[in-house]
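my_file.tsv (TSV, C-alpha atoms and all ligand atoms)
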chain	number	residue	atom	x	y	z
A	29	MET	CA	18.24	46.54	30.72
A	30	ASN	CA	16.52	43.19	30.72
A	31	ILE	CA	13.48	44.64	28.97
A	32	VAL	CA	15.65	46.23	26.25
A	33	LYS	CA	17.37	42.89	25.57
A	34	ARG	CA	14.05	41.06	25.44
A	35	THR	CA	12.62	43.64	23.05
A	36	ILE	CA	15.63	43.34	20.73
A	37	ASP	CA	15.38	39.52	20.86
A	38	GLY	CA	11.67	39.73	20.06
A	39	ILE	CA	12.23	41.99	17.04
A	40	TYR	CA	15.07	39.75	15.86
A	41	ASN	CA	12.89	36.62	16.08
A	42	LEU	CA	10.00	38.42	14.36
A	43	LEU	CA	12.22	39.44	11.45
A	44	LYS	CA	13.64	35.93	11.28
A	45	GLY	CA	10.11	34.51	10.95
A	46	MET	CA	9.17	37.16	8.37
A	47	LYS	CA	12.24	36.22	6.33
A	48	VAL	CA	11.04	32.59	6.06
A	49	THR	CA	7.48	33.73	5.24
A	50	ILE	CA	8.67	36.04	2.47
A	51	ARG	CA	10.99	33.38	1.07
A	52	TYR	CA	8.09	30.89	0.61
A	53	PHE	CA	5.41	33.46	-0.23
A	54	PHE	CA	6.33	33.62	-3.93
A	55	LYS	CA	6.95	29.89	-4.40
A	56	PRO	CA	4.14	27.65	-5.75
A	57	ALA	CA	2.12	25.81	-3.06
A	58	ILE	CA	3.02	22.14	-2.56
A	59	THR	CA	-0.05	21.20	-0.51
A	60	LEU	CA	-2.44	18.89	-2.36
A	61	GLN	CA	-6.15	19.63	-2.04
A	62	TYR	CA	-7.10	16.04	-1.12
A	63	PRO	CA	-9.46	14.41	-2.15
A	64	LYS	CA	-9.78	16.63	-5.24
A	65	GLU	CA	-6.08	16.14	-5.94
A	66	ARG	CA	-4.20	12.93	-5.32
A	67	TRP	CA	-0.57	12.08	-4.96
A	68	THR	CA	0.75	9.55	-7.48
A	69	MET	CA	2.59	6.98	-5.42
A	70	PRO	CA	5.92	5.57	-6.63
A	71	GLU	CA	5.57	2.09	-8.14
A	72	ARG	CA	7.68	0.58	-5.35
A	73	SER	CA	5.62	2.02	-2.53
A	74	ARG	CA	4.04	-0.51	-0.18
A	75	GLY	CA	0.35	0.16	-0.41
A	76	MET	CA	-2.49	-2.33	-0.46
A	77	VAL	CA	-1.71	-5.98	-1.15
A	78	GLY	CA	-3.31	-7.21	-4.36
A	79	LEU	CA	-3.43	-10.34	-6.49
A	80	LEU	CA	-2.05	-10.27	-10.01
A	81	SER	CA	-3.69	-11.96	-12.93
A	82	ASP	CA	-2.96	-12.87	-16.53
A	83	PRO	CA	-4.01	-9.83	-18.62
A	84	GLU	CA	-5.18	-12.09	-21.48
A	85	THR	CA	-7.22	-14.67	-19.63
A	86	GLY	CA	-7.99	-12.64	-16.51
A	87	LYS	CA	-7.13	-15.68	-14.38
A	88	LEU	CA	-5.21	-15.19	-11.16
A	89	ASN	CA	-1.53	-16.16	-11.24
A	90	CYS	CA	-1.94	-17.73	-7.81
A	91	THR	CA	-1.50	-21.50	-7.60
A	92	ALA	CA	-2.62	-21.69	-3.96
A	93	CYS	CA	0.80	-23.01	-2.92
A	94	LEU	CA	0.28	-21.39	0.52
A	95	ILE	CA	3.87	-20.10	0.75
A	96	CYS	CA	2.77	-16.50	1.36
A	97	MET	CA	0.29	-17.64	3.99
A	98	ARG	CA	2.98	-19.57	5.85
A	99	ASN	CA	5.50	-16.74	5.60
A	100	CYS	CA	3.22	-13.89	6.66
A	101	PRO	CA	4.58	-12.87	10.08
A	102	VAL	CA	1.20	-11.72	11.40
A	103	ARG	CA	-0.97	-14.44	9.82
A	104	ALA	CA	-2.93	-11.89	7.84
A	105	ILE	CA	-3.41	-14.28	4.90
A	106	GLN	CA	-5.91	-17.13	4.78
A	107	ILE	CA	-6.12	-19.38	1.72
A	108	THR	CA	-8.14	-22.48	0.96
A	109	GLN	CA	-7.38	-24.63	-2.07
A	110	THR	CA	-9.54	-26.10	-4.78
A	111	LYS	CA	-9.06	-27.37	-8.35
A	112	ASP	CA	-10.26	-25.77	-11.56
A	113	GLU	CA	-11.90	-27.56	-14.51
A	114	ALA	CA	-8.44	-28.55	-15.83
A	115	GLY	CA	-7.51	-30.09	-12.48
A	116	LYS	CA	-5.08	-27.31	-11.66
A	117	ARG	CA	-4.77	-26.17	-8.05
A	118	VAL	CA	-6.22	-22.69	-7.53
A	119	PRO	CA	-7.30	-20.64	-4.52
A	120	ASP	CA	-10.90	-21.16	-3.46
A	121	GLU	CA	-10.78	-18.50	-0.76
A	122	PHE	CA	-7.98	-15.96	-0.55
A	123	VAL	CA	-8.40	-13.46	2.25
A	124	ILE	CA	-6.07	-10.75	3.54
A	125	GLU	CA	-6.92	-8.94	6.75
A	126	ALA	CA	-5.73	-5.44	5.89
A	127	GLY	CA	-6.14	-4.45	9.55
A	128	LEU	CA	-3.57	-7.06	10.57
A	129	CYS	CA	-1.15	-6.57	7.67
A	130	ILE	CA	2.05	-4.73	8.57
A	131	TYR	CA	2.94	-4.08	4.89
A	132	CYS	CA	6.27	-5.87	5.17
A	133	GLY	CA	6.18	-7.20	1.59
A	134	ILE	CA	7.26	-10.72	2.58
A	135	CYS	CA	4.30	-12.25	0.72
A	136	GLU	CA	5.41	-10.55	-2.50
A	137	GLU	CA	9.04	-11.52	-2.01
A	138	SER	CA	8.30	-15.14	-1.23
A	139	CYS	CA	5.73	-15.84	-3.96
A	140	PRO	CA	7.34	-18.05	-6.64
A	141	PHE	CA	4.56	-17.31	-9.16
A	142	ASN	CA	4.53	-13.48	-9.28
A	143	ALA	CA	0.98	-13.64	-8.05
A	144	ILE	CA	0.88	-11.17	-5.16
A	145	LYS	CA	2.15	-7.62	-5.02
A	146	MET	CA	2.19	-4.49	-2.90
A	147	ILE	CA	0.17	-2.13	-5.06
A	148	PRO	CA	0.76	1.64	-4.84
A	149	LYS	CA	-2.80	2.34	-3.69
A	150	TYR	CA	-3.48	3.72	-0.25
A	151	GLU	CA	-7.14	4.68	0.03
A	152	PHE	CA	-8.87	1.99	2.03
A	153	SER	CA	-9.73	3.64	5.32
A	154	THR	CA	-13.21	2.79	6.51
A	155	TYR	CA	-15.53	3.14	9.50
A	156	ASP	CA	-16.53	-0.51	9.15
A	157	LYS	CA	-13.90	-2.99	10.33
A	158	LYS	CA	-15.40	-5.72	8.12
A	159	GLN	CA	-14.36	-3.73	5.05
A	160	LEU	CA	-10.74	-4.43	5.99
A	161	THR	CA	-11.24	-8.10	5.22
A	162	HIS	CA	-10.14	-8.17	1.60
A	163	LYS	CA	-11.45	-11.23	-0.20
A	164	LYS	CA	-10.24	-12.77	-3.45
A	165	GLU	CA	-12.41	-10.64	-5.76
A	166	ARG	CA	-11.38	-7.42	-4.02
A	167	LEU	CA	-7.71	-8.45	-4.05
A	168	ALA	CA	-7.95	-9.18	-7.78
A	169	GLU	CA	-9.54	-5.78	-8.33
A	170	ILE	CA	-6.73	-4.07	-6.37
A	171	GLY	CA	-4.08	-5.85	-8.45
A	172	LYS	CA	-5.84	-5.40	-11.79
A	173	GLY	CA	-3.61	-3.84	-14.46
A	174	HIS	CA	-0.48	-4.13	-12.33
A	175	LYS	CA	2.53	-6.23	-13.28
A	176	TYR	CA	5.11	-7.95	-11.17
A	177	THR	CA	8.42	-6.11	-11.17
A	178	LYS	CA	11.63	-7.70	-10.06
A	179	TRP	CA	13.54	-5.15	-7.98
A	180	SER	CA	17.30	-5.50	-7.77
A	201	LIG	S1	2.66	-7.54	3.49
A	201	LIG	FE1	3.50	-8.78	5.17
A	201	LIG	S2	1.97	-8.68	6.78
A	201	LIG	FE2	0.96	-8.03	4.90
A	201	LIG	S3	0.02	-9.87	4.06
A	201	LIG	FE3	2.05	-9.68	3.12
A	201	LIG	S4	3.41	-10.89	4.43
A	201	LIG	FE4	1.51	-10.52	5.59
A	202	LIG	S1	0.06	-15.68	-3.86
A	202	LIG	FE1	1.92	-16.78	-4.52
A	202	LIG	S2	2.81	-17.61	-2.64
A	202	LIG	FE2	0.68	-17.03	-2.18
A	202	LIG	S3	-0.47	-18.92	-2.50
A	202	LIG	FE3	-0.56	-17.75	-4.39
A	202	LIG	S4	1.12	-18.54	-5.61
A	202	LIG	FE4	1.51	-19.20	-3.51
Turn this file's structure into structure tokens for me.
Ligand code: SF4
Ligand code: SF4
Amino acid sequence: MNIVKRTIDGIYNLLKGMKVTIRYFFKPAITLQYPKERWTMPERSRGMVGLLSDPETGKLNCTACLICMRNCPVRAIQITQTKDEAGKRVPDEFVIEAGLCIYCGICEESCPFNAIKMIPKYEFSTYDKKQLTHKKERLAEIGKGHKYTKWS
């Protein structure tokens, strides 16, 4: 009797599985063939942290006020200050340790100059830990072409 019940259960579960297979068999595949195909991330997604610049002059918006550095909960940001030819305070060094960053977005939220942003880019895995130290030039490259958006 036990073997009859187990056989019926087995057939039932097999048909149940087949039903799911048949249901999805005729639907288009949703799997992306990465890296040939890439997912377009939503603008609000918290990807890499980048620095924003003025699209006309190409100069960074950052005034080296250090607010983001002080607010970063894991101390992933290191900034040193200098002055430009007009005597304006600008960042000399601006480094973000992407390996330390927890992608909380506090730096973006606390920046009063719309100078730093979570950019919807996610491809920065590497075998070399040093590559996770994102310096000013790299951060500017990450943020290039992106604008600050005030989210409500
Ligand atoms: S996202 Fe958060 S952890 Fe990362 S640099 Fe900004 S404040 Fe620091
Ligand atoms: S990114 Fe913003 S908060 Fe950070 S130092 Fe520059 S201006 Fe200040």
key: Protein and nucleic acid residues within 12 Å of ligand LIG 201 (chain A) (only C-alpha atoms and all ligand atoms) as a PyMOL selection string   = chain A and resi 73-79+94-107+122-139+143-147+161-162+167
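The shortest atom-to-atom distance to Phe141 (chain A), with only C-alpha atoms taken into account, belongs to A:Asp82 out of A:Asp156, A:Asp82, A:Glu71, A:Asp37.
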query = Expressed in Å to a single decimal, how great is the separation between CA of Asn89 (chain A) and atom FE2 of ligand LIG 202 (chain A)?
reply =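 Value for the CA of Asn89 (chain A)-atom FE2 of ligand LIG 202 (chain A) distance: 9.4 Å.
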request  = May I ask which of the residues A:Lys47, A:Lys172, A:Arg117, A:Lys33 is the closest one to ligand LIG 202 (chain A), counting all atoms listed in the file?
outcome  =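 That would be A:Arg117, the residue with the smallest distance to ligand LIG 202 (chain A).
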key: Shortest interatomic distance to ligand LIG 202 (chain A) - which of A:Trp67, A:Tyr176, A:Tyr155, A:Tyr52, counting only C-alpha atoms and all ligand atoms   =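 Nearest candidate to ligand LIG 202 (chain A) out of A:Trp67, A:Tyr176, A:Tyr155, A:Tyr52: A:Tyr176.
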ask   = Using all atoms listed in the file, which residue out of A:Leu88, A:Gln61, A:Ser153, A:Leu160 lies closest to ligand LIG 202 (chain A)?
value = A:Leu88
Nearest residue to Gly173 (chain A) from the set A:Glu121, A:Glu151, A:Glu84, A:Asp112 (distances using all atoms listed in the file) =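 The answer is A:Glu84, which sits nearest to Gly173 (chain A).
Distances to ligand LIG 202 (chain A) were evaluated for A:Thr177, A:Thr91, A:Thr35, A:Gln159 using all atoms listed in the file, and the minimum falls at A:Thr91.
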How big is the axis-aligned box around the listed atoms of ligand LIG 202 (chain A) once 4 Å is added on each side, and where is its centre? Give both in Å to one decimal, as AutoDock Vina command-line options.
--center_x 1.1 --center_y -17.4 --center_z -3.9 --size_x 11.4 --size_y 11.5 --size_z 11.4
query = What does the distance from CA of Asn142 (chain A) to CA of Ser81 (chain A) come to in Å, to one decimal?
reply =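 Going from CA of Asn142 (chain A) over to CA of Ser81 (chain A), I get 9.1 Å.
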Separation of CA of Pro70 (chain A) from CA of Pro148 (chain A), in Å and rounded to one decimal = 6.7 Å
